[in-house]
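Student: Contents are mmCIF, C-alpha atoms; file name run-v7.cif:
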data_protein
loop_
_atom_site.label_atom_id
_atom_site.label_comp_id
_atom_site.auth_asym_id
_atom_site.auth_seq_id
_atom_site.Cartn_x
_atom_site.Cartn_y
_atom_site.Cartn_z
CA MET A 233 -1.63 -22.23 11.55
CA ARG A 234 -2.66 -18.91 9.99
CA ASP A 235 -0.82 -17.00 12.76
CA ARG A 236 2.38 -18.95 12.06
CA PHE A 237 2.11 -18.35 8.32
CA GLY A 238 1.27 -14.68 8.86
CA ALA A 239 4.30 -14.19 11.10
CA ASP A 240 6.67 -15.74 8.56
CA PRO A 241 5.25 -16.77 5.17
CA TYR A 242 8.66 -16.82 3.53
CA PRO A 243 9.57 -20.52 4.06
CA ALA A 244 6.26 -21.54 2.44
CA TYR A 245 6.90 -19.17 -0.45
CA ALA A 246 10.42 -20.58 -0.86
CA TRP A 247 8.93 -24.07 -1.18
CA LEU A 248 6.46 -22.87 -3.80
CA ARG A 249 9.22 -21.10 -5.78
CA GLU A 250 11.19 -24.33 -5.93
CA HIS A 251 8.46 -26.93 -6.38
CA ALA A 252 5.33 -25.19 -7.76
CA PRO A 253 6.21 -21.68 -8.96
CA VAL A 254 2.86 -21.23 -10.74
CA HIS A 255 0.36 -23.07 -8.58
CA ARG A 256 -3.44 -23.25 -8.66
CA THR A 257 -5.01 -23.19 -5.22
CA ALA A 258 -8.36 -22.65 -3.50
CA LEU A 259 -8.36 -19.51 -1.36
CA PRO A 260 -10.25 -19.22 1.95
CA SER A 261 -13.00 -17.31 0.11
CA GLY A 262 -13.59 -20.33 -2.12
CA VAL A 263 -12.20 -18.64 -5.23
CA GLU A 264 -9.58 -20.68 -7.10
CA ALA A 265 -6.58 -18.74 -8.39
CA TRP A 266 -3.06 -19.20 -9.71
CA LEU A 267 -0.23 -18.09 -7.41
CA VAL A 268 2.94 -16.84 -9.13
CA THR A 269 6.03 -16.90 -6.90
CA ARG A 270 9.22 -16.67 -9.00
CA TYR A 271 10.62 -13.24 -9.83
CA ALA A 272 10.90 -13.76 -13.60
CA ASP A 273 7.36 -15.12 -13.88
CA ALA A 274 6.01 -12.40 -11.57
CA ARG A 275 7.59 -9.62 -13.60
CA GLN A 276 6.21 -11.12 -16.80
CA ALA A 277 2.71 -11.48 -15.33
CA LEU A 278 2.60 -7.93 -13.99
CA ALA A 279 3.24 -6.53 -17.48
CA ASP A 280 1.28 -9.08 -19.56
CA SER A 281 -1.59 -7.37 -21.40
CA ARG A 282 -3.44 -10.71 -21.56
CA LEU A 283 -3.89 -10.54 -17.78
CA SER A 284 -6.65 -7.99 -17.32
CA LYS A 285 -7.32 -5.94 -14.21
CA ASN A 286 -11.03 -5.73 -15.06
CA PRO A 287 -13.01 -8.28 -12.99
CA VAL A 288 -15.62 -8.69 -15.73
CA HIS A 289 -13.14 -11.15 -17.26
CA HIS A 290 -13.36 -13.49 -14.26
CA SER A 291 -15.01 -16.69 -15.45
CA GLU A 292 -16.84 -17.23 -12.14
CA SER A 293 -18.07 -13.65 -11.70
CA ALA A 294 -16.86 -13.84 -8.11
CA HIS A 295 -16.42 -10.09 -8.02
CA GLY A 296 -20.17 -9.60 -8.14
CA LYS A 297 -20.46 -11.87 -5.12
CA GLY A 298 -18.03 -9.73 -3.14
CA LYS A 299 -15.23 -12.30 -3.10
CA VAL A 300 -12.78 -10.43 -5.32
CA GLY A 301 -11.73 -6.80 -5.06
CA ILE A 302 -12.56 -4.17 -2.47
CA PRO A 303 -15.84 -4.93 -0.62
CA GLY A 304 -18.57 -2.46 -1.48
CA GLU A 305 -16.79 -0.67 -4.33
CA ARG A 306 -19.29 -1.88 -6.95
CA SER A 307 -22.41 -0.89 -4.99
CA ALA A 308 -20.80 2.47 -4.17
CA ASN A 309 -20.13 3.12 -7.87
CA LEU A 310 -16.37 3.31 -7.29
CA MET A 311 -15.21 0.77 -9.87
CA THR A 312 -13.68 3.18 -12.39
CA HIS A 313 -10.25 3.49 -10.80
CA LEU A 314 -6.82 2.44 -12.04
CA LEU A 315 -6.80 -0.93 -10.27
CA ASN A 316 -9.87 -2.17 -12.16
CA ILE A 317 -9.44 -1.05 -15.75
CA ASP A 318 -7.27 -1.74 -18.79
CA PRO A 319 -6.13 0.31 -21.79
CA PRO A 320 -7.42 2.38 -23.45
CA ASP A 321 -9.51 3.56 -20.46
CA HIS A 322 -6.56 3.01 -18.12
CA THR A 323 -4.28 5.05 -20.39
CA ARG A 324 -6.72 7.97 -20.49
CA LEU A 325 -7.40 7.98 -16.75
CA ARG A 326 -3.77 7.59 -15.73
CA ARG A 327 -2.76 10.44 -18.03
CA LEU A 328 -5.44 12.69 -16.54
CA VAL A 329 -4.64 11.74 -12.95
CA SER A 330 -0.92 12.21 -13.56
CA LYS A 331 -1.63 15.82 -14.51
CA ALA A 332 -2.91 16.38 -10.95
CA PHE A 333 -0.72 13.95 -8.98
CA THR A 334 2.66 15.29 -10.05
CA PRO A 335 6.14 14.72 -8.53
CA ARG A 336 6.29 18.48 -7.97
CA ARG A 337 3.09 18.36 -5.89
CA VAL A 338 4.50 15.48 -3.80
CA ALA A 339 7.85 17.24 -3.28
CA ALA A 340 6.10 20.42 -2.15
CA PHE A 341 4.21 18.34 0.40
CA ALA A 342 7.39 17.24 2.24
CA PRO A 343 7.25 19.97 4.96
CA ARG A 344 3.68 18.98 5.86
CA VAL A 345 4.67 15.30 6.14
CA GLN A 346 7.51 16.30 8.47
CA GLU A 347 5.14 18.45 10.53
CA LEU A 348 2.66 15.58 10.90
CA THR A 349 5.46 13.15 11.79
CA ASP A 350 6.83 15.40 14.53
CA ALA A 351 3.38 16.10 15.96
CA LEU A 352 2.58 12.39 16.25
CA ILE A 353 5.90 11.61 17.94
CA ASP A 354 5.30 14.59 20.28
CA SER A 355 2.06 12.94 21.39
CA PHE A 356 3.82 9.93 22.94
CA ALA A 357 7.54 10.84 23.29
CA ALA A 358 7.29 11.83 26.95
CA ARG A 359 5.62 8.53 27.93
CA GLY A 360 8.55 6.27 27.05
CA GLU A 361 6.26 3.74 25.39
CA ALA A 362 3.86 3.58 22.45
CA ASP A 363 2.03 1.33 20.02
CA LEU A 364 3.64 2.52 16.80
CA ILE A 365 0.87 1.14 14.59
CA HIS A 366 -2.08 2.82 16.31
CA GLU A 367 -0.29 6.01 17.37
CA PHE A 368 2.09 6.61 14.47
CA ALA A 369 2.08 4.42 11.36
CA PHE A 370 -1.73 4.47 11.01
CA PRO A 371 -2.60 8.17 11.53
CA LEU A 372 0.36 9.61 9.59
CA PRO A 373 -0.68 8.53 6.08
CA ILE A 374 -4.37 9.14 6.81
CA TYR A 375 -3.83 12.79 7.75
CA ALA A 376 -1.29 13.20 4.95
CA ILE A 377 -3.56 11.90 2.17
CA CYS A 378 -6.50 13.88 3.58
CA ASP A 379 -4.43 17.07 3.43
CA LEU A 380 -3.26 16.25 -0.08
CA LEU A 381 -6.80 15.50 -1.29
CA GLY A 382 -8.15 18.67 0.30
CA VAL A 383 -10.33 17.13 3.01
CA PRO A 384 -10.99 19.91 5.58
CA ARG A 385 -9.19 19.38 8.89
CA ALA A 386 -12.52 19.30 10.73
CA ASP A 387 -13.54 16.19 8.75
CA GLN A 388 -10.27 14.28 8.91
CA ASP A 389 -11.04 12.34 12.09
CA ASP A 390 -14.10 10.92 10.32
CA PHE A 391 -11.79 9.71 7.57
CA ARG A 392 -9.55 8.18 10.23
CA ASP A 393 -12.53 6.27 11.66
CA TRP A 394 -13.61 5.03 8.21
CA ALA A 395 -10.06 4.03 7.34
CA GLY A 396 -9.87 2.12 10.61
CA MET A 397 -12.97 0.17 9.60
CA MET A 398 -11.39 -0.63 6.24
CA LEU A 399 -8.17 -1.72 7.93
CA ARG A 400 -10.05 -3.70 10.60
CA HIS A 401 -8.09 -1.67 13.13
CA THR A 402 -10.77 0.23 14.96
CA LYS A 403 -9.44 0.24 18.53
CA PRO A 404 -6.11 0.93 20.23
CA GLY A 405 -4.06 -2.19 20.78
CA GLY A 406 -5.25 -3.87 17.60
CA THR A 407 -8.49 -5.25 19.07
CA GLY A 408 -11.81 -4.86 17.40
CA GLY A 409 -12.01 -4.96 13.67
CA GLY A 410 -15.03 -6.55 12.18
CA PRO A 411 -16.56 -8.60 9.43
CA ARG A 412 -16.12 -7.97 5.74
CA GLY A 413 -19.40 -6.05 5.79
CA GLY A 414 -17.73 -3.39 7.93
CA VAL A 415 -15.36 -2.59 5.08
CA ALA A 416 -18.26 -2.17 2.66
CA LYS A 417 -20.01 0.11 5.15
CA ALA A 418 -16.90 2.31 5.40
CA VAL A 419 -16.62 2.42 1.61
CA LYS A 420 -20.23 3.61 1.38
CA LYS A 421 -19.61 6.39 3.92
CA ILE A 422 -16.47 7.54 2.09
CA ARG A 423 -18.32 7.55 -1.23
CA GLY A 424 -21.11 9.71 0.15
CA TYR A 425 -18.66 12.15 1.67
CA LEU A 426 -16.54 12.38 -1.51
CA ALA A 427 -19.61 13.07 -3.66
CA GLU A 428 -20.52 16.05 -1.48
CA LEU A 429 -16.93 17.31 -1.26
CA ILE A 430 -16.40 17.09 -5.04
CA HIS A 431 -19.65 18.97 -5.64
CA ARG A 432 -18.55 21.77 -3.28
CA LYS A 433 -15.07 22.02 -4.76
CA ARG A 434 -16.36 22.02 -8.33
CA ALA A 435 -18.75 24.86 -7.53
CA ALA A 436 -15.97 26.93 -5.92
CA LEU A 437 -13.21 26.13 -8.44
CA PRO A 438 -11.41 29.36 -9.48
CA PRO A 439 -10.51 29.93 -13.15
CA GLU A 440 -6.79 29.41 -12.47
CA PRO A 441 -5.20 26.94 -10.03
CA ALA A 442 -3.56 28.25 -6.86
CA PRO A 443 0.05 27.18 -6.15
CA ASP A 444 -1.16 25.02 -3.25
CA GLU A 445 -4.28 23.65 -4.94
CA ASP A 446 -5.47 20.38 -3.41
CA LEU A 447 -5.53 17.11 -5.33
CA ILE A 448 -9.31 16.76 -5.69
CA SER A 449 -9.47 20.24 -7.24
CA GLY A 450 -6.60 19.20 -9.49
CA LEU A 451 -8.49 16.07 -10.55
CA ILE A 452 -11.60 18.13 -11.31
CA ARG A 453 -9.52 20.58 -13.35
CA ALA A 454 -7.41 17.99 -15.21
CA SER A 455 -8.27 17.64 -18.88
CA ASP A 456 -6.86 15.93 -21.92
CA HIS A 457 -7.78 17.43 -25.30
CA GLY A 458 -10.83 18.98 -23.68
CA GLU A 459 -11.89 15.75 -21.95
CA HIS A 460 -12.32 15.87 -18.18
CA LEU A 461 -12.77 13.19 -15.54
CA THR A 462 -16.42 12.49 -14.74
CA GLU A 463 -17.61 12.99 -11.17
CA ASN A 464 -17.66 9.20 -10.67
CA GLU A 465 -14.10 8.98 -11.98
CA VAL A 466 -12.90 11.76 -9.66
CA ALA A 467 -14.57 10.04 -6.71
CA ALA A 468 -13.15 6.64 -7.65
CA MET A 469 -9.65 8.06 -8.06
CA ALA A 470 -9.79 9.97 -4.76
CA PHE A 471 -11.06 6.81 -3.09
CA ILE A 472 -8.33 4.53 -4.44
CA LEU A 473 -5.63 7.07 -3.58
CA LEU A 474 -6.97 6.97 -0.02
CA PHE A 475 -7.51 3.21 0.12
CA ALA A 476 -4.27 2.13 -1.60
CA GLY A 477 -2.26 5.09 -0.33
CA PHE A 478 -2.79 4.78 3.39
CA GLU A 479 -2.65 1.04 4.12
CA THR A 480 0.51 0.46 2.09
CA THR A 481 2.24 3.25 4.01
CA VAL A 482 0.97 1.99 7.38
CA ASN A 483 2.57 -1.34 6.57
CA LEU A 484 5.74 0.16 5.12
CA ILE A 485 6.37 2.11 8.34
CA GLY A 486 5.26 -0.75 10.62
CA ASN A 487 7.03 -3.61 8.84
CA GLY A 488 10.10 -1.46 8.22
CA THR A 489 10.45 -0.38 11.85
CA TYR A 490 9.91 -3.96 13.03
CA ALA A 491 12.60 -5.26 10.67
CA LEU A 492 15.07 -2.63 11.87
CA LEU A 493 14.35 -3.36 15.54
CA ARG A 494 15.08 -7.03 14.89
CA THR A 495 18.26 -6.32 12.90
CA PRO A 496 20.36 -4.14 15.23
CA GLY A 497 23.37 -3.94 12.93
CA GLN A 498 21.33 -2.50 10.09
CA ARG A 499 19.45 -0.16 12.41
CA GLU A 500 22.78 1.15 13.79
CA LEU A 501 24.09 1.62 10.25
CA LEU A 502 21.08 3.77 9.37
CA GLN A 503 21.24 5.81 12.58
CA LYS A 504 24.95 6.57 12.12
CA SER A 505 24.31 7.58 8.52
CA LEU A 506 21.50 9.93 9.55
CA ALA A 507 23.58 11.42 12.36
CA SER A 508 26.32 12.30 9.86
CA GLY A 509 23.84 14.02 7.55
CA ASP A 510 24.14 11.31 4.89
CA ARG A 511 20.76 10.16 3.52
CA ASP A 512 22.09 7.60 1.03
CA VAL A 513 21.47 4.67 3.36
CA LEU A 514 17.95 5.95 4.01
CA THR A 515 17.26 6.13 0.27
CA THR A 516 18.50 2.62 -0.53
CA GLY A 517 17.18 1.37 2.80
CA ILE A 518 13.55 2.20 2.05
CA GLU A 519 13.82 0.22 -1.19
CA GLU A 520 15.36 -2.70 0.71
CA LEU A 521 12.60 -2.64 3.33
CA LEU A 522 10.05 -2.69 0.51
CA ARG A 523 11.78 -5.78 -0.89
CA TYR A 524 12.58 -7.57 2.37
CA ASP A 525 9.15 -7.43 4.04
CA GLY A 526 7.02 -5.11 1.97
CA PRO A 527 3.53 -3.76 2.66
CA VAL A 528 1.84 -5.59 -0.24
CA GLU A 529 2.10 -9.38 -0.06
CA LEU A 530 0.16 -10.16 -3.23
CA ALA A 531 -0.53 -7.90 -6.18
CA THR A 532 -4.19 -7.18 -6.81
CA TRP A 533 -6.27 -9.51 -8.96
CA ARG A 534 -5.65 -10.22 -12.63
CA PHE A 535 -7.80 -12.30 -14.99
CA ALA A 536 -6.72 -14.11 -18.15
CA THR A 537 -8.49 -12.73 -21.24
CA GLU A 538 -7.28 -15.70 -23.31
CA GLU A 539 -5.50 -18.99 -22.73
CA LEU A 540 -1.80 -18.44 -21.99
CA THR A 541 1.25 -20.20 -20.58
CA LEU A 542 3.01 -18.88 -17.50
CA GLY A 543 5.90 -20.66 -15.82
CA GLY A 544 5.12 -23.78 -17.82
CA GLU A 545 1.49 -23.92 -16.67
CA ARG A 546 -1.58 -23.45 -18.88
CA ILE A 547 -3.78 -20.63 -17.61
CA ALA A 548 -7.32 -20.88 -18.96
CA GLU A 549 -9.32 -17.88 -20.15
CA GLY A 550 -11.10 -16.31 -17.18
CA ASP A 551 -8.75 -17.76 -14.56
CA PRO A 552 -7.67 -15.40 -11.75
CA VAL A 553 -3.92 -14.85 -11.29
CA LEU A 554 -2.31 -13.52 -8.11
CA VAL A 555 1.34 -12.46 -8.22
CA VAL A 556 2.98 -13.10 -4.84
CA LEU A 557 5.24 -10.06 -4.53
CA ALA A 558 6.59 -11.24 -1.17
CA ALA A 559 7.83 -14.45 -2.78
CA ALA A 560 9.20 -12.85 -5.94
CA ASP A 561 11.17 -10.26 -3.97
CA ARG A 562 12.91 -13.02 -1.97
CA ASP A 563 13.84 -15.04 -5.08
CA PRO A 564 17.53 -16.04 -4.80
CA ALA A 565 17.67 -16.35 -8.58
CA ARG A 566 17.38 -12.54 -8.73
CA PHE A 567 18.64 -11.22 -5.38
CA ASP A 568 21.91 -12.18 -3.69
CA ALA A 569 21.37 -13.20 -0.06
CA ALA A 570 17.66 -12.70 -0.68
CA ASP A 571 16.63 -13.46 2.93
CA THR A 572 19.12 -10.96 4.37
CA LEU A 573 18.25 -7.33 5.11
CA ASP A 574 20.92 -5.13 3.49
CA LEU A 575 20.14 -1.41 3.63
CA ARG A 576 23.02 -0.65 1.27
CA ARG A 577 21.70 -2.95 -1.47
CA THR A 578 21.79 -1.08 -4.78
CA ASP A 579 20.92 -3.81 -7.30
CA ASN A 580 17.33 -3.87 -6.15
CA PRO A 581 14.61 -3.88 -8.84
CA HIS A 582 11.99 -5.08 -6.36
CA LEU A 583 8.33 -5.40 -7.28
CA GLY A 584 6.97 -3.84 -4.10
CA TYR A 585 5.03 -1.19 -6.02
CA GLY A 586 4.34 -3.33 -9.05
CA HIS A 587 5.68 -3.21 -12.58
CA GLY A 588 4.44 -2.14 -15.98
CA ILE A 589 1.51 0.16 -16.71
CA HIS A 590 -0.03 -0.52 -13.27
CA TYR A 591 3.07 0.59 -11.35
CA CYS A 592 1.81 2.41 -8.24
CA LEU A 593 1.07 6.06 -9.02
CA GLY A 594 1.43 6.98 -5.34
CA ALA A 595 4.87 5.39 -4.85
CA PRO A 596 6.69 8.76 -4.56
CA LEU A 597 4.34 9.87 -1.76
CA ALA A 598 4.71 6.54 0.07
CA ARG A 599 8.50 6.77 -0.18
CA LEU A 600 8.43 10.33 1.15
CA GLU A 601 6.27 9.33 4.11
CA GLY A 602 8.29 6.17 4.81
CA GLN A 603 11.64 7.96 4.72
CA THR A 604 10.39 10.85 6.85
CA ALA A 605 8.78 8.56 9.43
CA LEU A 606 11.74 6.22 9.88
CA ALA A 607 14.40 8.94 9.86
CA THR A 608 12.54 11.07 12.41
CA LEU A 609 11.66 8.13 14.65
CA LEU A 610 15.24 6.82 14.83
CA THR A 611 16.67 10.30 15.31
CA ARG A 612 14.29 11.53 18.01
CA LEU A 613 13.99 8.19 19.87
CA PRO A 614 17.45 6.70 19.29
CA ASP A 615 17.17 3.85 21.84
CA ILE A 616 13.74 2.66 20.71
CA ARG A 617 13.29 -1.07 21.27
CA LEU A 618 10.66 -3.73 20.80
CA ALA A 619 8.46 -4.27 23.87
CA ALA A 620 7.16 -7.72 22.94
CA GLU A 621 8.60 -11.08 21.95
CA PRO A 622 8.53 -11.75 18.20
CA ASP A 623 6.42 -14.88 18.81
CA ASP A 624 3.76 -12.68 20.43
CA MET A 625 3.45 -10.31 17.48
CA ARG A 626 0.23 -10.60 15.50
CA TRP A 627 -0.31 -9.84 11.84
CA ARG A 628 -3.56 -8.71 10.27
CA GLY A 629 -5.40 -11.26 8.20
CA GLY A 630 -6.17 -10.57 4.57
CA LEU A 631 -5.09 -11.62 1.13
CA ILE A 632 -3.35 -8.61 -0.39
CA MET A 633 -1.70 -6.55 2.35
CA ARG A 634 0.89 -7.58 4.95
CA GLY A 635 1.02 -5.62 8.18
CA LEU A 636 1.22 -5.84 11.96
CA ARG A 637 -1.79 -5.38 14.22
CA THR A 638 0.34 -3.66 16.87
CA LEU A 639 3.97 -2.65 17.34
CA PRO A 640 4.63 -2.01 21.07
CA VAL A 641 7.91 -0.21 21.78
CA THR A 642 9.70 1.41 24.68
CA PHE A 643 12.35 4.14 24.75
CA THR A 644 13.86 6.76 27.01
CA PRO A 645 11.19 9.45 27.51
CA ALA A 646 11.99 12.52 25.49
CA PRO A 647 10.69 16.06 26.00
#
What do you get writing this file as structure tokens?

Tutor:
Amino acid sequence: MRDRFGADPYPAYAWLREHAPVHRTALPSGVEAWLVTRYADARQALADSRLSKNPVHHSESAHGKGKVGIPGERSANLMTHLLNIDPPDHTRLRRLVSKAFTPRRVAAFAPRVQELTDALIDSFAARGEADLIHEFAFPLPIYAICDLLGVPRADQDDFRDWAGMMLRHTKPGGTGGGPRGGVAKAVKKIRGYLAELIHRKRAALPPEPAPDEDLISGLIRASDHGEHLTENEVAAMAFILLFAGFETTVNLIGNGTYALLRTPGQRELLQKSLASGDRDVLTTGIEELLRYDGPVELATWRFATEELTLGGERIAEGDPVLVVLAAADRDPARFDAADTLDLRRTDNPHLGYGHGIHYCLGAPLARLEGQTALATLLTRLPDIRLAAEPDDMRWRGGLIMRGLRTLPVTFTPAP
């Protein structure tokens, strides 16, 4: 049953939108939460200040039991990141982080993303076959975020191993994985490494930033009216940029490629556009892939700080609320032909990266990586095709993210 739902949750979400758009349910973990599935309600919930991101507001204190949030983040002292706090702390931290994580820094990183993309395709192009999750979609954002953070190249394979534990994707072919405790173990290893790296970078920080200064050094340097991030805050922010930044991009590339391989007309449209030097379809297409089958199925946890009404339902103080982005972004009340992939769609205010003050800070980097990966893949391997039946595809379990375990493809071998 879970495999069938994982392969195509959209009919179930359509039923909920029509019959129970704000619905209280018991999750597999035992936590009870409200699911929000209509676009208008979802957009309202994502921006409602009465729905806190701080798990201390959960009436059942499930976070302390490891049932809510990222496993191990509390014990690793990594709670003070943007996904867990509200204004005014959120305002202060986001302003400080934004000083380091600028659009200019992301734009300057484009050549490195292209270099990584080409190198990964080089590693399997001559074979004529590949698993695009394990060999392409997974390593690309890991190496990219490591470079951006300033993790030395010699240490980046360790980060890849830890990220694999967090993703439950530890072996080629999608086998392996492990219990929830494996995620907490990886979080602990990353925390220990970041503490040492931050200490070394702080000690060696020059008086003035270099043009190519890495992001961790930028976070250490960032200040607002003389106030700097604490070491715990720098570590938590570096951690969440890694954790939220790599898995969403893995799924964006994987889900996006899969959707294109199953929609030949749209794939041909994009390839012809790229061949003519026109990137407009690529630009709107990435947004459409985020809407159509995006990397984040449910927004991260929110907790009611007071009684409120949402979609006609009474939400009690302390109740958890989960906004189902995958359902909201297929709502026919907001999107014409909502179940159809249309790479030229321009009226597309999807919620794939959230809405309101918690809109994803790393969205520009994810878009850059997604556009570069898809454009290069379809250009260099133009006859790429799926090497498995759709019914045989398997999706990773989990509450928040939506992504394939493997994506086997074949193509004409290329030098």

Student: Could you list the residues chosen by the PyMOL selection byres ((chain A and resi 272) around 9) in this structure as an MDAnalysis selection string?

Tutor: chainID A and resid 269:271 273:277 543 560 565:566

Student: To one decimal place in Å, what is the distance between CA of Ala536 (chain A) and CA of Glu465 (chain A)?

Tutor: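 Here the two named atoms are 25.0 Å from each other.
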
Student: Which residues fall under the PyMOL selection byres ((chain A and resi 525) around 8) in this file, as a list in words?

Tutor: Asn487, Gly488, Ala491, Leu521, Leu522, Arg523, Tyr524, Gly526, Pro527 and Ala558 of chain A

Student: Give one line per residue of region 404-515 of chain A that approaches region 614-635 of chain A to at most 8 Å, naming the two atoms of the closest pair and their distance in Å to one decimal, counting all atoms listed in the file; sort by chain then ascending residue number and deliver it as a tab-separated table.

Tutor:
residue	atom	partner	partner_atom	distance
A:Glu479	CA	A:Met633	CA	7.9
A:Thr480	CA	A:Met633	CA	7.4
A:Val482	CA	A:Gly635	CA	7.7
A:Asn483	CA	A:Gly635	CA	4.8
A:Gly486	CA	A:Gly635	CA	6.9
A:Asn487	CA	A:Gly635	CA	6.4
A:Tyr490	CA	A:Leu618	CA	7.8
A:Leu493	CA	A:Arg617	CA	6.3
A:Gln503	CA	A:Pro614	CA	7.8

Student: Find the distance between CA of Asp350 (chain A) and CA of Cys378 (chain A) and write it in Å to one decimal.

Tutor: 17.3 Å

Student: Extract, using only C-alpha atoms, all DNA, RNA and protein residues at most 12 Å from Leu501 (chain A), discarding same-chain residues fewer than 5 positions from it, and format them as a list in words.

Tutor: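 The neighbour list is Leu492, Thr495, Pro496, Leu506, Ala507, Ser508, Asp510, Arg511, Asp512, Val513, Leu514, Gly517, Leu573, Asp574, Leu575, Arg576 and Leu610 of chain A.
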
Student: A:Ser449, A:Asp390, A:Ala265, A:Ala246: which is nearest Lys331 (chain A), counting only C-alpha atoms?

Tutor: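 Among A:Ser449, A:Asp390, A:Ala265, A:Ala246, it is A:Ser449 that comes nearest to Lys331 (chain A).
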
Student: List the spatial neighbours of Thr349 (chain A) as a PyMOL selection string - criterion: any atom at most 9 Å away, all atoms listed in the file, same-chain residues fewer than 2 positions off excluded.

Tutor: chain A and resi 344-347+351-354+368+372+601+604-605+608-609

Student: Name the closest residue to Gln388 (chain A) among the candidates A:Gly544, A:Pro371, A:Pro241, A:Gln498; distances are taken between atoms, counting all atoms listed in the file.

Tutor: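 Smallest distance to Gln388 (chain A) is found for A:Pro371.
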
Student: So the first atom is CA of Ala559 (chain A) and the second is CA of Leu593 (chain A); what is the distance between them in Å, to one decimal place?

Tutor: 22.5 Å

Student: What would region 527-532 of chain A look like with all heavy atoms in place, written as a PDB file, keeping the file's coordinate frame?

Tutor:
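New file result31.pdb:
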ATOM      1  N   PRO A 527       4.907  -3.959   2.174  1.00  0.00           N
ATOM      2  CA  PRO A 527       3.530  -3.760   2.660  1.00  0.00           C
ATOM      3  C   PRO A 527       2.477  -4.509   1.855  1.00  0.00           C
ATOM      4  O   PRO A 527       1.376  -4.722   2.341  1.00  0.00           O
ATOM      5  CB  PRO A 527       3.333  -2.251   2.517  1.00  0.00           C
ATOM      6  CG  PRO A 527       4.251  -1.850   1.417  1.00  0.00           C
ATOM      7  CD  PRO A 527       5.457  -2.741   1.544  1.00  0.00           C
ATOM      8  N   VAL A 528       2.802  -4.902   0.621  1.00  0.00           N
ATOM      9  CA  VAL A 528       1.840  -5.590  -0.240  1.00  0.00           C
ATOM     10  C   VAL A 528       2.352  -7.002  -0.483  1.00  0.00           C
ATOM     11  O   VAL A 528       3.380  -7.196  -1.132  1.00  0.00           O
ATOM     12  CB  VAL A 528       1.647  -4.856  -1.580  1.00  0.00           C
ATOM     13  CG1 VAL A 528       0.569  -5.537  -2.414  1.00  0.00           C
ATOM     14  CG2 VAL A 528       1.292  -3.394  -1.343  1.00  0.00           C
ATOM     15  N   GLU A 529       1.648  -7.986   0.049  1.00  0.00           N
ATOM     16  CA  GLU A 529       2.100  -9.380  -0.060  1.00  0.00           C
ATOM     17  C   GLU A 529       1.783  -9.960  -1.426  1.00  0.00           C
ATOM     18  O   GLU A 529       2.617 -10.641  -2.033  1.00  0.00           O
ATOM     19  CB  GLU A 529       1.444 -10.215   1.037  1.00  0.00           C
ATOM     20  CG  GLU A 529       2.051 -11.590   1.204  1.00  0.00           C
ATOM     21  CD  GLU A 529       1.635 -12.253   2.509  1.00  0.00           C
ATOM     22  OE1 GLU A 529       1.122 -11.558   3.410  1.00  0.00           O
ATOM     23  OE2 GLU A 529       1.821 -13.474   2.632  1.00  0.00           O
ATOM     24  N   LEU A 530       0.586  -9.702  -1.907  1.00  0.00           N
ATOM     25  CA  LEU A 530       0.160 -10.160  -3.230  1.00  0.00           C
ATOM     26  C   LEU A 530      -0.333  -8.973  -4.031  1.00  0.00           C
ATOM     27  O   LEU A 530      -1.036  -8.105  -3.499  1.00  0.00           O
ATOM     28  CB  LEU A 530      -0.984 -11.184  -3.129  1.00  0.00           C
ATOM     29  CG  LEU A 530      -0.643 -12.632  -2.773  1.00  0.00           C
ATOM     30  CD1 LEU A 530      -0.268 -12.767  -1.301  1.00  0.00           C
ATOM     31  CD2 LEU A 530      -1.823 -13.557  -3.101  1.00  0.00           C
ATOM     32  N   ALA A 531       0.021  -8.932  -5.300  1.00  0.00           N
ATOM     33  CA  ALA A 531      -0.530  -7.900  -6.180  1.00  0.00           C
ATOM     34  C   ALA A 531      -2.029  -8.122  -6.335  1.00  0.00           C
ATOM     35  O   ALA A 531      -2.530  -9.233  -6.154  1.00  0.00           O
ATOM     36  CB  ALA A 531       0.166  -7.942  -7.536  1.00  0.00           C
ATOM     37  N   THR A 532      -2.742  -7.060  -6.667  1.00  0.00           N
ATOM     38  CA  THR A 532      -4.190  -7.180  -6.810  1.00  0.00           C
ATOM     39  C   THR A 532      -4.547  -8.058  -8.005  1.00  0.00           C
ATOM     40  O   THR A 532      -3.723  -8.342  -8.866  1.00  0.00           O
ATOM     41  CB  THR A 532      -4.835  -5.789  -6.955  1.00  0.00           C
ATOM     42  OG1 THR A 532      -4.122  -5.039  -7.958  1.00  0.00           O
ATOM     43  CG2 THR A 532      -4.766  -5.025  -5.635  1.00  0.00           C
TER      44      THR A 532
END
